[in-house]
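Text of final14.cif (mmCIF, C-alpha atoms) as supplied:
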data_entry
loop_
_atom_site.group_PDB
_atom_site.id
_atom_site.type_symbol
_atom_site.label_atom_id
_atom_site.label_comp_id
_atom_site.auth_asym_id
_atom_site.auth_seq_id
_atom_site.Cartn_x
_atom_site.Cartn_y
_atom_site.Cartn_z
ATOM 1 C CA MET V 1 -1.783 44.698 92.500
ATOM 2 C CA SER V 2 0.532 44.416 89.608
ATOM 3 C CA SER V 3 -0.733 43.944 86.062
ATOM 4 C CA PRO V 4 0.086 40.689 84.197
ATOM 5 C CA PRO V 5 3.067 40.988 81.902
ATOM 6 C CA GLU V 6 2.171 41.830 78.295
ATOM 7 C CA LYS V 7 2.881 39.266 75.593
ATOM 8 C CA PRO V 8 5.732 40.340 73.430
ATOM 9 C CA LYS V 9 4.533 41.565 70.055
ATOM 10 C CA SER V 10 5.678 39.393 67.146
ATOM 11 C CA THR V 11 7.080 40.929 64.053
ATOM 12 C CA ARG V 12 5.691 40.219 60.551
ATOM 13 C CA ARG V 13 8.747 38.101 59.812
ATOM 14 C CA GLU V 14 8.233 36.024 62.942
ATOM 15 C CA PHE V 15 4.563 35.543 62.090
ATOM 16 C CA LEU V 16 5.339 34.269 58.594
ATOM 17 C CA ALA V 17 8.042 32.022 59.940
ATOM 18 C CA GLY V 18 5.571 30.550 62.378
ATOM 19 C CA VAL V 19 3.039 29.852 59.655
ATOM 20 C CA ALA V 20 5.702 28.227 57.535
ATOM 21 C CA GLY V 21 6.774 26.107 60.464
ATOM 22 C CA ALA V 22 3.209 24.985 61.034
ATOM 23 C CA ILE V 23 2.861 23.959 57.404
ATOM 24 C CA VAL V 24 6.127 22.037 57.533
ATOM 25 C CA GLY V 25 5.000 20.413 60.743
ATOM 26 C CA LEU V 26 1.726 19.405 59.104
ATOM 27 C CA ALA V 27 3.566 17.780 56.238
ATOM 28 C CA VAL V 28 6.005 15.988 58.523
ATOM 29 C CA GLY V 29 3.163 14.899 60.746
ATOM 30 C CA ALA V 30 1.270 13.446 57.805
ATOM 31 C CA ALA V 31 4.364 11.517 56.804
ATOM 32 C CA ALA V 32 4.914 10.309 60.378
ATOM 33 C CA GLY V 33 1.435 8.804 60.584
ATOM 34 C CA SER V 34 -0.761 8.519 63.669
ATOM 35 C CA GLN V 35 1.907 9.841 66.030
ATOM 36 C CA ALA V 36 1.376 13.347 64.659
ATOM 37 C CA PHE V 37 -2.300 13.227 63.581
ATOM 38 C CA PRO V 38 -5.349 11.145 64.286
ATOM 39 C CA ARG V 39 -5.550 8.057 62.036
ATOM 40 C CA LYS V 40 -8.612 9.292 60.180
ATOM 41 C CA ILE V 41 -6.966 12.538 59.118
ATOM 42 C CA THR V 42 -3.831 10.691 58.023
ATOM 43 C CA GLU V 43 -5.802 8.260 55.874
ATOM 44 C CA THR V 44 -7.722 11.111 54.272
ATOM 45 C CA VAL V 45 -4.540 12.974 53.352
ATOM 46 C CA THR V 46 -2.888 9.815 52.018
ATOM 47 C CA GLN V 47 -5.943 8.807 49.983
ATOM 48 C CA THR V 48 -6.261 12.261 48.463
ATOM 49 C CA ALA V 49 -2.596 12.258 47.498
ATOM 50 C CA THR V 50 -2.930 8.797 45.920
ATOM 51 C CA GLN V 51 -5.963 9.825 43.892
ATOM 52 C CA THR V 52 -4.116 12.884 42.673
ATOM 53 C CA VAL V 53 -1.150 10.793 41.542
ATOM 54 C CA GLU V 54 -3.409 8.287 39.782
ATOM 55 C CA ARG V 55 -5.339 11.052 38.068
ATOM 56 C CA THR V 56 -2.105 12.669 36.907
ATOM 57 C CA ALA V 57 -0.827 9.356 35.542
ATOM 58 C CA THR V 58 -4.075 8.799 33.646
ATOM 59 C CA VAL V 59 -3.935 12.229 32.023
ATOM 60 C CA THR V 60 -0.298 11.710 31.022
ATOM 61 C CA GLN V 61 -1.102 8.339 29.446
ATOM 62 C CA THR V 62 -4.057 9.745 27.530
ATOM 63 C CA VAL V 63 -1.969 12.560 26.060
ATOM 64 C CA THR V 64 0.714 10.083 24.971
ATOM 65 C CA GLN V 65 -1.851 7.908 23.215
ATOM 66 C CA LYS V 66 -3.281 10.862 21.321
ATOM 67 C CA VAL V 67 0.158 11.749 19.998
ATOM 68 C CA GLU V 68 0.739 8.162 18.810
ATOM 69 C CA VAL V 69 -2.707 7.601 17.286
ATOM 70 C CA LYS V 70 -2.674 6.744 13.555
ATOM 71 C CA PRO V 71 -6.330 6.490 12.542
ATOM 72 C CA TRP V 72 -5.519 4.871 9.194
ATOM 73 C CA LEU V 73 -3.974 1.834 10.913
ATOM 74 C CA LEU V 74 -6.126 -1.127 11.839
ATOM 75 C CA GLU V 75 -6.214 -3.143 15.014
ATOM 76 C CA LYS V 76 -7.572 -6.149 13.149
ATOM 77 C CA TRP V 77 -7.514 -7.254 9.501
ATOM 78 C CA ASP V 78 -10.299 -9.257 7.882
ATOM 79 C CA GLU V 79 -7.743 -11.348 5.979
ATOM 80 C CA GLU V 80 -3.984 -11.752 5.828
ATOM 81 C CA HIS V 81 -1.873 -13.122 2.975
ATOM 82 C CA GLU V 82 1.830 -13.235 2.218
ATOM 83 C CA ILE V 83 1.429 -11.499 -1.150
ATOM 84 C CA VAL V 84 -1.556 -9.511 -2.413
ATOM 85 C CA ILE V 85 -1.740 -8.754 -6.148
ATOM 86 C CA ILE V 86 -4.036 -6.107 -7.625
ATOM 87 C CA GLY V 87 -5.073 -6.948 -11.185
ATOM 88 C CA SER V 88 -5.574 -10.157 -13.169
ATOM 89 C CA GLY V 89 -4.002 -9.379 -16.536
ATOM 90 C CA PHE V 90 -0.708 -10.696 -17.923
ATOM 91 C CA ALA V 91 1.369 -9.016 -15.203
ATOM 92 C CA GLY V 92 -0.779 -9.954 -12.213
ATOM 93 C CA LEU V 93 -1.264 -13.581 -13.240
ATOM 94 C CA SER V 94 2.425 -14.016 -14.081
ATOM 95 C CA ALA V 95 3.480 -12.469 -10.764
ATOM 96 C CA ALA V 96 1.223 -14.865 -8.859
ATOM 97 C CA ILE V 97 2.646 -17.922 -10.620
ATOM 98 C CA GLU V 98 6.250 -16.802 -10.150
ATOM 99 C CA ALA V 99 5.718 -15.993 -6.467
ATOM 100 C CA TYR V 100 4.185 -19.402 -5.845
ATOM 101 C CA ASP V 101 6.887 -21.258 -7.759
ATOM 102 C CA ASN V 102 9.535 -19.415 -5.756
ATOM 103 C CA GLY V 103 8.184 -20.582 -2.434
ATOM 104 C CA VAL V 104 5.414 -18.139 -1.488
ATOM 105 C CA LYS V 105 2.314 -20.311 -1.270
ATOM 106 C CA ASP V 106 -0.100 -17.785 0.243
ATOM 107 C CA VAL V 107 -0.962 -15.480 -2.664
ATOM 108 C CA VAL V 108 -4.251 -13.802 -3.564
ATOM 109 C CA ILE V 109 -5.271 -11.852 -6.683
ATOM 110 C CA LEU V 110 -7.824 -9.032 -6.399
ATOM 111 C CA GLU V 111 -9.816 -8.070 -9.501
ATOM 112 C CA LYS V 112 -12.488 -5.369 -9.421
ATOM 113 C CA MET V 113 -14.304 -6.524 -12.559
ATOM 114 C CA PRO V 114 -16.750 -9.468 -12.702
ATOM 115 C CA SER V 115 -14.327 -11.331 -14.993
ATOM 116 C CA TYR V 116 -10.544 -11.685 -15.075
ATOM 117 C CA GLY V 117 -8.103 -10.535 -17.752
ATOM 118 C CA GLY V 118 -8.382 -6.749 -17.910
ATOM 119 C CA ASN V 119 -6.911 -5.205 -21.043
ATOM 120 C CA SER V 120 -4.735 -8.276 -21.573
ATOM 121 C CA ILE V 121 -7.622 -10.525 -22.528
ATOM 122 C CA ILE V 122 -8.804 -8.192 -25.313
ATOM 123 C CA ASN V 123 -5.429 -7.287 -26.837
ATOM 124 C CA GLY V 124 -3.968 -8.695 -30.051
ATOM 125 C CA GLY V 125 -2.015 -11.554 -28.496
ATOM 126 C CA GLN V 126 1.320 -10.316 -29.830
ATOM 127 C CA MET V 127 4.735 -10.760 -28.244
ATOM 128 C CA ALA V 128 8.041 -9.324 -29.437
ATOM 129 C CA VAL V 129 10.828 -11.867 -28.950
ATOM 130 C CA LEU V 130 14.556 -11.534 -29.549
ATOM 131 C CA SER V 131 15.186 -13.267 -32.894
ATOM 132 C CA PRO V 132 18.867 -13.509 -33.898
ATOM 133 C CA GLU V 133 17.874 -15.669 -36.883
ATOM 134 C CA GLU V 134 16.194 -12.550 -38.288
ATOM 135 C CA GLY V 135 19.308 -10.413 -37.885
ATOM 136 C CA ASP V 136 18.122 -9.247 -34.473
ATOM 137 C CA SER V 137 20.223 -8.301 -31.434
ATOM 138 C CA VAL V 138 19.661 -6.997 -27.933
ATOM 139 C CA ASP V 139 21.024 -3.590 -28.919
ATOM 140 C CA LEU V 140 18.727 -3.368 -31.942
ATOM 141 C CA PHE V 141 15.735 -4.457 -29.866
ATOM 142 C CA VAL V 142 16.534 -1.832 -27.224
ATOM 143 C CA ARG V 143 16.969 0.860 -29.870
ATOM 144 C CA ASP V 144 13.555 0.097 -31.371
ATOM 145 C CA MET V 145 11.910 0.342 -27.941
ATOM 146 C CA TYR V 146 13.779 3.544 -27.152
ATOM 147 C CA VAL V 147 12.697 5.249 -30.369
ATOM 148 C CA ALA V 148 9.088 4.061 -30.059
ATOM 149 C CA GLY V 149 9.044 5.328 -26.471
ATOM 150 C CA HIS V 150 10.098 8.854 -27.503
ATOM 151 C CA TYR V 151 13.416 8.344 -25.676
ATOM 152 C CA LEU V 152 11.690 8.323 -22.283
ATOM 153 C CA ASN V 153 12.282 4.628 -21.567
ATOM 154 C CA ASP V 154 14.422 3.264 -18.778
ATOM 155 C CA LEU V 155 17.253 1.760 -20.822
ATOM 156 C CA GLU V 156 18.155 -0.773 -18.149
ATOM 157 C CA LEU V 157 14.605 -2.117 -18.146
ATOM 158 C CA CYS V 158 14.519 -2.114 -21.950
ATOM 159 C CA ARG V 159 17.653 -4.240 -21.999
ATOM 160 C CA LYS V 160 16.114 -6.637 -19.478
ATOM 161 C CA VAL V 161 12.952 -7.001 -21.589
ATOM 162 C CA ALA V 162 14.972 -7.645 -24.736
ATOM 163 C CA SER V 163 17.501 -10.074 -23.277
ATOM 164 C CA GLU V 164 14.906 -12.114 -21.357
ATOM 165 C CA SER V 165 12.143 -12.071 -23.974
ATOM 166 C CA ARG V 166 12.975 -15.537 -25.307
ATOM 167 C CA ASP V 167 12.817 -17.024 -21.790
ATOM 168 C CA ALA V 168 9.412 -15.413 -21.231
ATOM 169 C CA PHE V 169 8.216 -16.723 -24.594
ATOM 170 C CA ASN V 170 9.320 -20.275 -23.773
ATOM 171 C CA TRP V 171 7.680 -19.977 -20.339
ATOM 172 C CA LEU V 172 4.317 -19.264 -21.979
ATOM 173 C CA VAL V 173 4.810 -22.046 -24.512
ATOM 174 C CA SER V 174 5.445 -24.463 -21.619
ATOM 175 C CA PHE V 175 1.938 -23.645 -20.368
ATOM 176 C CA GLY V 176 0.411 -24.511 -23.723
ATOM 177 C CA VAL V 177 0.179 -21.081 -25.371
ATOM 178 C CA GLU V 178 0.439 -21.569 -29.135
ATOM 179 C CA PHE V 179 2.433 -19.149 -31.302
ATOM 180 C CA PRO V 180 2.320 -20.562 -34.862
ATOM 181 C CA PRO V 181 5.587 -19.678 -36.689
ATOM 182 C CA GLU V 182 3.678 -18.676 -39.813
ATOM 183 C CA LEU V 183 2.015 -15.860 -37.850
ATOM 184 C CA LYS V 184 5.317 -14.218 -36.941
ATOM 185 C CA ILE V 185 5.445 -10.682 -38.356
ATOM 186 C CA GLN V 186 7.473 -7.488 -38.463
ATOM 187 C CA ALA V 187 5.194 -5.218 -36.479
ATOM 188 C CA GLY V 188 5.206 -1.444 -36.630
ATOM 189 C CA GLY V 189 8.187 0.155 -34.925
ATOM 190 C CA HIS V 190 10.307 -3.009 -35.165
ATOM 191 C CA SER V 191 13.354 -3.178 -37.410
ATOM 192 C CA VAL V 192 13.102 -6.942 -37.985
ATOM 193 C CA ARG V 193 10.534 -9.734 -37.916
ATOM 194 C CA ARG V 194 10.422 -10.521 -34.185
ATOM 195 C CA THR V 195 6.726 -10.342 -33.262
ATOM 196 C CA TYR V 196 4.908 -13.610 -32.609
ATOM 197 C CA GLN V 197 1.123 -13.864 -32.523
ATOM 198 C CA THR V 198 -1.049 -16.394 -30.732
ATOM 199 C CA LYS V 199 -3.112 -18.921 -32.630
ATOM 200 C CA ASN V 200 -6.262 -16.803 -32.480
ATOM 201 C CA ILE V 201 -4.412 -13.476 -32.485
ATOM 202 C CA THR V 202 -5.921 -12.502 -29.154
ATOM 203 C CA GLY V 203 -4.641 -12.037 -25.631
ATOM 204 C CA ARG V 204 -7.295 -14.447 -24.451
ATOM 205 C CA ASP V 205 -5.094 -17.306 -25.668
ATOM 206 C CA ILE V 206 -2.464 -16.243 -23.118
ATOM 207 C CA VAL V 207 -4.756 -15.257 -20.241
ATOM 208 C CA VAL V 208 -6.686 -18.533 -20.290
ATOM 209 C CA LYS V 209 -3.484 -20.568 -20.012
ATOM 210 C CA LEU V 210 -2.153 -18.375 -17.213
ATOM 211 C CA VAL V 211 -5.422 -18.718 -15.298
ATOM 212 C CA GLU V 212 -5.176 -22.498 -15.685
ATOM 213 C CA GLN V 213 -1.767 -22.362 -14.014
ATOM 214 C CA VAL V 214 -3.048 -20.072 -11.260
ATOM 215 C CA ASN V 215 -5.929 -22.459 -10.559
ATOM 216 C CA LYS V 216 -3.586 -25.442 -10.630
ATOM 217 C CA ARG V 217 -1.593 -23.839 -7.814
ATOM 218 C CA GLY V 218 -4.695 -23.041 -5.815
ATOM 219 C CA ILE V 219 -4.204 -19.280 -6.019
ATOM 220 C CA PRO V 220 -7.574 -17.529 -5.578
ATOM 221 C CA ILE V 221 -8.723 -14.809 -7.972
ATOM 222 C CA ARG V 222 -11.217 -12.646 -6.093
ATOM 223 C CA LEU V 223 -13.542 -11.083 -8.657
ATOM 224 C CA GLU V 224 -15.505 -7.899 -7.879
ATOM 225 C CA HIS V 225 -12.953 -6.919 -5.246
ATOM 226 C CA LYS V 226 -12.259 -3.235 -5.839
ATOM 227 C CA VAL V 227 -9.244 -1.760 -4.047
ATOM 228 C CA THR V 228 -10.190 1.681 -2.740
ATOM 229 C CA ARG V 229 -7.209 2.480 -0.529
ATOM 230 C CA ILE V 230 -3.649 1.356 0.113
ATOM 231 C CA ILE V 231 -2.664 1.357 3.779
ATOM 232 C CA ARG V 232 0.861 2.300 4.825
ATOM 233 C CA GLU V 233 2.584 2.598 8.228
ATOM 234 C CA GLY V 234 2.858 6.354 7.822
ATOM 235 C CA LEU V 235 0.696 8.551 5.652
ATOM 236 C CA ARG V 236 3.460 8.768 3.035
ATOM 237 C CA GLU V 237 6.295 6.711 4.493
ATOM 238 C CA GLY V 238 7.074 3.342 6.003
ATOM 239 C CA LYS V 239 6.056 -0.158 5.002
ATOM 240 C CA VAL V 240 2.946 -0.816 2.923
ATOM 241 C CA LEU V 241 0.679 -2.936 5.110
ATOM 242 C CA GLY V 242 -2.342 -3.836 3.009
ATOM 243 C CA VAL V 243 -5.452 -2.604 1.233
ATOM 244 C CA GLU V 244 -9.008 -1.497 1.786
ATOM 245 C CA VAL V 245 -11.325 -3.381 -0.568
ATOM 246 C CA GLU V 246 -14.927 -2.779 -1.553
ATOM 247 C CA VAL V 247 -16.937 -5.979 -1.939
ATOM 248 C CA LYS V 248 -20.662 -5.747 -2.719
ATOM 249 C CA GLY V 249 -20.942 -2.358 -1.060
ATOM 250 C CA LYS V 250 -18.998 -3.333 2.061
ATOM 251 C CA LYS V 251 -15.416 -2.560 3.052
ATOM 252 C CA ILE V 252 -12.987 -5.280 4.060
ATOM 253 C CA TYR V 253 -9.312 -4.963 4.931
ATOM 254 C CA ILE V 254 -6.663 -7.344 3.622
ATOM 255 C CA ARG V 255 -3.127 -7.350 4.956
ATOM 256 C CA ALA V 256 -0.120 -8.125 2.748
ATOM 257 C CA ARG V 257 2.513 -9.527 5.084
ATOM 258 C CA ARG V 258 5.352 -9.617 2.548
ATOM 259 C CA ALA V 259 4.383 -7.603 -0.516
ATOM 260 C CA LEU V 260 1.646 -5.743 -2.343
ATOM 261 C CA ILE V 261 2.001 -5.963 -6.129
ATOM 262 C CA ILE V 262 0.204 -3.401 -8.281
ATOM 263 C CA ALA V 263 -0.691 -4.752 -11.725
ATOM 264 C CA SER V 264 -3.913 -2.830 -12.176
ATOM 265 C CA GLY V 265 -3.512 -1.493 -15.700
ATOM 266 C CA GLY V 266 -4.303 1.878 -17.240
ATOM 267 C CA PHE V 267 -6.748 4.747 -16.845
ATOM 268 C CA SER V 268 -7.959 5.860 -20.265
ATOM 269 C CA ARG V 269 -11.598 5.116 -19.399
ATOM 270 C CA ASP V 270 -11.517 7.864 -16.766
ATOM 271 C CA ILE V 271 -12.067 10.949 -18.907
ATOM 272 C CA ALA V 272 -11.348 13.452 -16.127
ATOM 273 C CA LEU V 273 -8.086 11.727 -15.207
ATOM 274 C CA ARG V 274 -6.821 11.507 -18.771
ATOM 275 C CA LYS V 275 -7.781 15.153 -19.431
ATOM 276 C CA ALA V 276 -5.756 16.132 -16.375
ATOM 277 C CA GLN V 277 -2.723 14.598 -18.097
ATOM 278 C CA TRP V 278 -3.521 15.772 -21.622
ATOM 279 C CA PRO V 279 -6.449 18.233 -21.962
ATOM 280 C CA LEU V 280 -7.011 17.385 -25.635
ATOM 281 C CA LEU V 281 -8.151 13.853 -24.715
ATOM 282 C CA ASP V 282 -11.702 14.911 -23.918
ATOM 283 C CA GLU V 283 -15.063 13.170 -24.301
ATOM 284 C CA SER V 284 -14.785 13.185 -28.089
ATOM 285 C CA PHE V 285 -12.122 10.455 -27.920
ATOM 286 C CA ASN V 286 -13.099 6.847 -27.373
ATOM 287 C CA SER V 287 -10.816 4.247 -25.791
ATOM 288 C CA THR V 288 -9.753 0.752 -26.784
ATOM 289 C CA ASN V 289 -9.316 -0.131 -23.089
ATOM 290 C CA HIS V 290 -11.790 -2.288 -21.215
ATOM 291 C CA PRO V 291 -14.400 -0.464 -19.055
ATOM 292 C CA GLY V 292 -12.475 -1.041 -15.823
ATOM 293 C CA ALA V 293 -9.373 0.896 -16.889
ATOM 294 C CA THR V 294 -10.123 3.878 -14.657
ATOM 295 C CA GLY V 295 -6.918 4.282 -12.646
ATOM 296 C CA GLU V 296 -8.187 4.183 -9.042
ATOM 297 C CA VAL V 297 -5.237 2.129 -7.851
ATOM 298 C CA LEU V 298 -2.760 4.513 -9.475
ATOM 299 C CA LEU V 299 -4.295 7.377 -7.508
ATOM 300 C CA ALA V 300 -4.345 5.274 -4.336
ATOM 301 C CA ALA V 301 -0.621 4.625 -4.773
ATOM 302 C CA GLU V 302 0.029 8.313 -5.353
ATOM 303 C CA ALA V 303 -1.903 9.154 -2.172
ATOM 304 C CA ILE V 304 0.607 7.216 -0.051
ATOM 305 C CA GLY V 305 3.689 8.684 -1.716
ATOM 306 C CA ALA V 306 4.238 6.826 -5.001
ATOM 307 C CA MET V 307 5.474 9.005 -7.848
ATOM 308 C CA LEU V 308 3.532 8.513 -11.067
ATOM 309 C CA ILE V 309 5.609 9.219 -14.156
ATOM 310 C CA GLN V 310 4.841 9.743 -17.849
ATOM 311 C CA MET V 311 1.083 9.768 -17.275
ATOM 312 C CA ASP V 312 0.804 12.187 -20.197
ATOM 313 C CA GLN V 313 2.099 9.457 -22.517
ATOM 314 C CA ILE V 314 -1.266 7.703 -22.436
#

Could you quickly redo this structure as structure tokens?
Amino acid sequence: MSSPPEKPKSTRREFLAGVAGAIVGLAVGAAAGSQAFPRKITETVTQTATQTVERTATVTQTVTQKVEVKPWLLEKWDEEHEIVIIGSGFAGLSAAIEAYDNGVKDVVILEKMPSYGGNSIINGGQMAVLSPEEGDSVDLFVRDMYVAGHYLNDLELCRKVASESRDAFNWLVSFGVEFPPELKIQAGGHSVRRTYQTKNITGRDIVVKLVEQVNKRGIPIRLEHKVTRIIREGLREGKVLGVEVEVKGKKIYIRARRALIIASGGFSRDIALRKAQWPLLDESFNSTNHPGATGEVLLAAEAIGAMLIQMDQI
């Protein structure tokens, strides 16, 4: 009786090829559906593959969001206005009136103190005005400012102040601010008699009339609204979006759709800040500024990329 023929021995290469073929067949069978595999197995393979794809997509999306996250940006603002102005002195009040009269009706003024006016309301109520009748000229006016400013002034801005000073003076007079001619003087640093003084020789005479005009236009002055942060698209670049404001211990966020105007005044009441600019100005020096002149908004502006200049000229 003859023995059954022996199976031919497969080589290692043939074995690996067979395994590879089986794997390929499995993949093709899964793609072909129930013709290659039972329905249950096919559904399981398909479902697993789908879950894997979905999981991968979710991970990819999460990573993308983390890269784009800007934690300083807000999804929702508590308020929105066309123009937000910080400070209620001469500059802030004037800016609000001019913005409104030039077509921007949605303006708000933020003031951290319990009353408006800042340093403006306690100053001497003086205003230097171009006075040709006194032998004055734009060039002479600019020269006086340049010398008084230790030659650090922006000459273009000096020329603008000098040439437009009479228009600004008449603008205030149109609001009812009184500058009696007999109170006109030649103030220190001026080469001619060009300095007008208000009736009571106080900035209050000007501030009160400006506030009347602000109220007449329905522009709100938010007292005890302390700006603690300025919010920008990027940390130090891009558009300025709005401000973080502290109100009675709580934080609110106000968006400025068109512009944020900083008119917040000086910083001489912050001893540490003024010493950082000029170490000799320590605690032994008092200040003529009002108590709120502590410079927080200047530092907030610097934090988002603004360059503060001539701080040592306090």

#### Entry: Shell around range 82-92 of chain V at 10 Å using all atoms listed in the file, local window under 2 positions removed, as a ChimeraX atom specification
/V:80,94-97,99-100,104-113,115-121,203-204,206-207,210-211,221-223,225-227,242-243,254-265,297

Could you write out the selected residues, including C-alpha atoms, as an mmCIF file, in the coordinates of the input?
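Final output, selection01.cif:
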data_model
loop_
_atom_site.group_PDB
_atom_site.id
_atom_site.type_symbol
_atom_site.label_atom_id
_atom_site.label_comp_id
_atom_site.auth_asym_id
_atom_site.auth_seq_id
_atom_site.Cartn_x
_atom_site.Cartn_y
_atom_site.Cartn_z
ATOM 1 C CA GLU V 80 -3.984 -11.752 5.828
ATOM 2 C CA SER V 94 2.425 -14.016 -14.081
ATOM 3 C CA ALA V 95 3.480 -12.469 -10.764
ATOM 4 C CA ALA V 96 1.223 -14.865 -8.859
ATOM 5 C CA ILE V 97 2.646 -17.922 -10.620
ATOM 6 C CA ALA V 99 5.718 -15.993 -6.467
ATOM 7 C CA TYR V 100 4.185 -19.402 -5.845
ATOM 8 C CA VAL V 104 5.414 -18.139 -1.488
ATOM 9 C CA LYS V 105 2.314 -20.311 -1.270
ATOM 10 C CA ASP V 106 -0.100 -17.785 0.243
ATOM 11 C CA VAL V 107 -0.962 -15.480 -2.664
ATOM 12 C CA VAL V 108 -4.251 -13.802 -3.564
ATOM 13 C CA ILE V 109 -5.271 -11.852 -6.683
ATOM 14 C CA LEU V 110 -7.824 -9.032 -6.399
ATOM 15 C CA GLU V 111 -9.816 -8.070 -9.501
ATOM 16 C CA LYS V 112 -12.488 -5.369 -9.421
ATOM 17 C CA MET V 113 -14.304 -6.524 -12.559
ATOM 18 C CA SER V 115 -14.327 -11.331 -14.993
ATOM 19 C CA TYR V 116 -10.544 -11.685 -15.075
ATOM 20 C CA GLY V 117 -8.103 -10.535 -17.752
ATOM 21 C CA GLY V 118 -8.382 -6.749 -17.910
ATOM 22 C CA ASN V 119 -6.911 -5.205 -21.043
ATOM 23 C CA SER V 120 -4.735 -8.276 -21.573
ATOM 24 C CA ILE V 121 -7.622 -10.525 -22.528
ATOM 25 C CA GLY V 203 -4.641 -12.037 -25.631
ATOM 26 C CA ARG V 204 -7.295 -14.447 -24.451
ATOM 27 C CA ILE V 206 -2.464 -16.243 -23.118
ATOM 28 C CA VAL V 207 -4.756 -15.257 -20.241
ATOM 29 C CA LEU V 210 -2.153 -18.375 -17.213
ATOM 30 C CA VAL V 211 -5.422 -18.718 -15.298
ATOM 31 C CA ILE V 221 -8.723 -14.809 -7.972
ATOM 32 C CA ARG V 222 -11.217 -12.646 -6.093
ATOM 33 C CA LEU V 223 -13.542 -11.083 -8.657
ATOM 34 C CA HIS V 225 -12.953 -6.919 -5.246
ATOM 35 C CA LYS V 226 -12.259 -3.235 -5.839
ATOM 36 C CA VAL V 227 -9.244 -1.760 -4.047
ATOM 37 C CA GLY V 242 -2.342 -3.836 3.009
ATOM 38 C CA VAL V 243 -5.452 -2.604 1.233
ATOM 39 C CA ILE V 254 -6.663 -7.344 3.622
ATOM 40 C CA ARG V 255 -3.127 -7.350 4.956
ATOM 41 C CA ALA V 256 -0.120 -8.125 2.748
ATOM 42 C CA ARG V 257 2.513 -9.527 5.084
ATOM 43 C CA ARG V 258 5.352 -9.617 2.548
ATOM 44 C CA ALA V 259 4.383 -7.603 -0.516
ATOM 45 C CA LEU V 260 1.646 -5.743 -2.343
ATOM 46 C CA ILE V 261 2.001 -5.963 -6.129
ATOM 47 C CA ILE V 262 0.204 -3.401 -8.281
ATOM 48 C CA ALA V 263 -0.691 -4.752 -11.725
ATOM 49 C CA SER V 264 -3.913 -2.830 -12.176
ATOM 50 C CA GLY V 265 -3.512 -1.493 -15.700
ATOM 51 C CA VAL V 297 -5.237 2.129 -7.851
#

### Task
Can you work out the spacing between CA of Gly218 in chain V and CA of Asn102 in chain V in Å, to one decimal?
14.7 Å

#### Entry: Residues within 7 Å of (1.6, -11.0, -26.9), file coords, all atoms listed in the file, listed as a ChimeraX atom specification
/V:124-127,197,203

With 3 Å on each side, where is the centre of the axis-aligned box around all listed atoms of range 261-273 of chain V, and how long are its edges in Å to one decimal, as AutoDock Vina command-line options?
--center_x -5.0 --center_y 3.7 --center_z -13.2 --size_x 20.1 --size_y 25.4 --size_z 20.1

### Query
How would you write, as a ChimeraX atom specification, the residues chosen by the PyMOL selection byres ((chain V and resi 300) around 10) on this structure?
/V:227-231,243,295-299,301-306

Preceding selection exported with C-alpha atoms as a short mmCIF file (atom, residue, chain, number, x, y, z; two decimals), keeping the file's coordinate frame:
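result-v2.cif was written with the following content:
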data_model
loop_
_atom_site.label_atom_id
_atom_site.label_comp_id
_atom_site.auth_asym_id
_atom_site.auth_seq_id
_atom_site.Cartn_x
_atom_site.Cartn_y
_atom_site.Cartn_z
CA VAL V 227 -9.24 -1.76 -4.05
CA THR V 228 -10.19 1.68 -2.74
CA ARG V 229 -7.21 2.48 -0.53
CA ILE V 230 -3.65 1.36 0.11
CA ILE V 231 -2.66 1.36 3.78
CA VAL V 243 -5.45 -2.60 1.23
CA GLY V 295 -6.92 4.28 -12.65
CA GLU V 296 -8.19 4.18 -9.04
CA VAL V 297 -5.24 2.13 -7.85
CA LEU V 298 -2.76 4.51 -9.48
CA LEU V 299 -4.30 7.38 -7.51
CA ALA V 301 -0.62 4.62 -4.77
CA GLU V 302 0.03 8.31 -5.35
CA ALA V 303 -1.90 9.15 -2.17
CA ILE V 304 0.61 7.22 -0.05
CA GLY V 305 3.69 8.68 -1.72
CA ALA V 306 4.24 6.83 -5.00
#

What are the closest atom pairs, with distances in Å to one decimal, for all residues of range 186-217 of chain V lying within 9 Å of range 132-139 of chain V? Consider only C-alpha atoms, order rows by chain and residue number, and present the result as a tab-separated table.
residue	atom	partner	partner_atom	distance
V:Ser191	CA	V:Asp136	CA	8.3
V:Val192	CA	V:Glu134	CA	6.4
V:Arg193	CA	V:Glu134	CA	6.3
V:Arg194	CA	V:Glu134	CA	7.4

### Message
Measuring between all atoms listed in the file, which one of V:Val142, V:Glu98, V:Ser131, V:Arg217 shows the shortest distance to Lys184 in chain V?
### Response
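The shortest atom-to-atom distance to Lys184 in chain V comes from V:Ser131.
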
### Test item: residues at most 10 Å from Asp78 in chain V, only C-alpha atoms, excluding those fewer than 3 positions along its chain, as a list in words
Leu74, Glu244, Lys251, Ile252, Tyr253, Ile254 and Arg255 of chain V

## Note on the structure
Using only C-alpha atoms, the shortest atom-to-atom distance to Leu308 in chain V among V:Gly292, V:Gly266, V:Pro180, V:Gly149 belongs to V:Gly266
